[in-house]
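Have a look at the structure below, then the notes.
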Amino acid sequence: MKVLFEKKYDPSDFEDKIYEKWTESNCFKASNKKTDKKTYAIAMPPPNVTGKLHMGHSLDNTLQDILIRFKRMMGFDVLWVPGVDHSAIATEVKLVEQLREEGLTKEEIGREEFLKRAFAWKEKYEDNILNQLKKLGVSCDFSRKRFTMDEQFSEAVFVFFKRLYDDGLIYRGKRIINWCFGCGTSLSDAEVEHKEKDGNFYYIKYKLADEDGYLEIATTRPETIFADVAVAVNTDDERYKKYAGKSVLVPIINKKIPIIYDSYVEKDFGTGALKITPGHDPNDFEIGKRHNLEIIDLFDDKGKLNSFAGPFEGMDRKKARKEVAKKLEELGVLVKIEPLKHGVGHCYRCGEVVEPKLSMQWFVKMDVFKKPALEVVQNGDINFIPKRFEKIYFNWVENVRDWCISRQLWWGHFIPAYHCLDCGHINISRKMPSCCEKCRGSNLEQDGDTLDTWFSAALWPFSIFGWPDEKSPDYLKFYPTDTLVTGYDIIFFWVARMIFAGLYNTKKAPFKNVLIHGLVRDEQGRKMSKSLGNGVDPIDVIKLYGADALRFTLASGVNAGNDMRYSEKKVVASRNFANKLWNASRFIFMQLNELDIKLNFNKISFSDEDLFIEDRWILYKLNVLIKELTKNIEDYEISVACSKLYEFIWSVFCDWYIELFKIKKACGFYSKDSKEEEKNKKSAFSLIVYVLDSILKLLHPFMPFITQKIYFELYGEDKIISTQSWPKEIENLDIEKKAKEFEKVIEVVGALRNFRAAENIAKKVKITVYIKTNYFDIFKECEQFLVHLAGCQEVNFIEEKEIENSRKIVTDSAIIYVYLGDLVDEEKEKEKLLKEKEFLEKEISIFEKKLSNDNFLNKAPQDVVLKEKEKLSSKQEKLSKILSSLKNF
RNA sequence: GAGAGCAUAGCUCAGCUGGUUAGAGCGCUUGCUUGACAUGCAAGAGGUCGUUGGUUCAAGUCCAGCUGUUCUCACCA
């Protein structure tokens, strides 16, 4: 016989080894051959190569793995493709940080050396990340792992860019864009986070140019006055009508600028006079265009003021704000400073304040994408789960503006453009062309910018299958994918862009369902962050409690797109659950060993006539579980599925069925050497193993390691559970009726236990019990269960007579007399029964009232009425039992 | 400024299309060294489901307002 499995449940003992077994067996590797099986594919949201995985990744991948493992067991041909994203800006920030620690800048080491370091970084962290994913137990196909900058991906990016360019959807131009001085690059609108900040509103006097007097303006950014080209007031503002055609002088530099009239200006905000800085404000830019104003760019790429700032040239913009205010005060033109709460844009990567800045950038025209992207969700080709995120998506898509795709970063896909220095023509090409396609000149220069990281990420769900090669077997078999699992924080960056790019490039929606989850927060509900130091490393949790416990915790906590709180206590509870299953399995294993029972893998059988009432009960409960669980997973109700598994395994299987099994054994049910017992023994073991086997499979998607480990212990080290079939409901067995009957026995056991606890009857003291019931057959069959579970000396069945000196316990199905001899306190006894009587009468009157209400009888559905009637009669039955007991006092 | 989510036991949350006496885990109380498990077993205490109205035979459950809270979007300097 095999060696018993370890007494102690220690996941660190076997989780890694089990992952190795899976890898060796290639059970997660998909075949690209066409079969008649249905396919199910997920494109894993590729983690950033910036560092290590966090709880959010654990949640995201746990959910995906549950779906993938479930579908695999359901018989689908599944493929889950993993990979990492080069995450241009995030990684570049890290690399620059690393350089700074060495006292270097990226300019000092040069582009080539920088990219060398970046690729080295990628190699290192990609490995880290993939290993962490394995620790979590993900069943993705690592033979297909992808990277957003690998060769084939770069080809995809080029094809996408070229198509857009040829279709006239990409243009290059000088626009006001969001500029991050921290990262030294432009950003798209989505990459700017607006935060309410306490700022100052500076009221500044601008002297009139040719006469006495002044105009007062208000601004939050006094350092930008050097880029002012006008002061604007509302066309209808009576206060300012007299200044038509006049000019003012910008303080400090005394530059003469005109007063203009524009309807954009709000009379009631600030002073009603607005300084116009087209180089550094998108609205001012628009006003400037309308009035043909000059555009002044005041900052260099590092955020320092340039020569336009006169005496402030070379000063950092943040310092300049204070210094300029100080100077204005000295000049006596600073009227006042008011505190003002206003939205300020911040870089989503480095957190620096983002400035609007005029800059030459590449853009994608978004208008043509809107309609198809809206339609595909409106008509249900793509479903968001939960549905409310569709509204958020619609709102964003409807209002999306042209997408700035160029970045002044070094890490990323080069913009595939070569500028002809002779004729100015832009050549779109993956590599340096031999000459300009227009003038044939050879004086070409590569565009220095790289692409927004999300430009390539948008291609992920089809590029991973080989696109732009539309004949690639994976693409033909697995695209479009089925479910996309991701956080709500990434809907705009990624989900929307994948839909745009998918529809444009492949004419298909890239996925069918989008399962949105929330953030994993800390115990107090705060976002996990580096600065707060409240982040929890999933790997630490796995080391302590096992991946299964972490997965189960996350899966149990996830709920309809809402955030969840992580706490170690929850993981402990999940670990305890795993421990429970471990020990239950070990118990069954020990029984098998003891009686030398050999298991036939996948050939567990039992026949109808061999089943006892408790067997029918557990089979019925199992049937219900299989049915509901399957539906729950298909409906993405993952946490509901978790609680059902928890309840069944712990409270039904362990607390009851295994305990009943023990009693049967203790009663010599199958220890004697007779034919009858041999049959019982076979049947009982077949059944308990059958139920355990089903449990392991049902739990496998959630807790893959422990279920696999127990499977190995049961059947041998070559039996992979991941590729077994999902359990099916048992049909054609008479189990439902018997199961309901067995619940009566459970109720009586509960009542007796309750009685013992209330009366402080010691464990060792056995009570003598008399039962009066209409369900004699059931209770007789379960006599031994009552004896052992409720600590009875003996159980006697009576028909008519009353038992003197006993305590009476009434359930729906029986009156139980517990003989207490002289100990019984008649008064107390009577009091209890009266109390119960009173309670029942109250309940019954509520039901009667309801059932005598014609409105209810006529309007409520018949099955509800029937149910209520049944309830009433069961209450009445119980009451009559109590009344008859009371007669004896 | 616009929109969305949340509000149920001390804490963290379930409660699907309205239908018993509103559930779980943790915590708490009382017993248990019961041969799988003290990472456990058994029994319990604890909630007028944020507030005010409305719809309905029937409302944590649907609708509206209010309060509190979290978040998203938005070019008021």
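Letters A, B, ... go to the chains of the structure tokens in the order shown; residues in each chain start at 1; ligands are counted from 1 in the same order.
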
Shell around A:Ile803 at 8 Å using only C-alpha atoms (C1' of nucleotides), local window under 3 positions removed, as a VMD selection string: chain A and resid 770 806 817 819

Residues of chain B within 10 Å of chain A, counting only C-alpha atoms (C1' of nucleotides), as number ranges by chain: B: 3-6, 12-14, 16, 19-21, 24-26, 30-32, 34, 36-37, 39-44, 57-58, 70, 72-77

Gap from atom CA of A:Val248 to atom CA of A:Arg175 - Å, one decimal: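 Between atom CA of A:Val248 and atom CA of A:Arg175 the gap is 27.2 Å.
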
d(atom CA of A:Val536, atom CA of A:Val354) in Å: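 Separation of atom CA of A:Val536 and atom CA of A:Val354: 29.8 Å.
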
Who sits within 9 Å of stretch 46-48 of chain B, only C-alpha atoms (C1' of nucleotides), same chain under 3 positions skipped, as a VMD selection string: chain B and resid 8 to 10 22

d(atom CA of A:Phe653, atom CA of A:Ser722) in Å: 22.4 Å
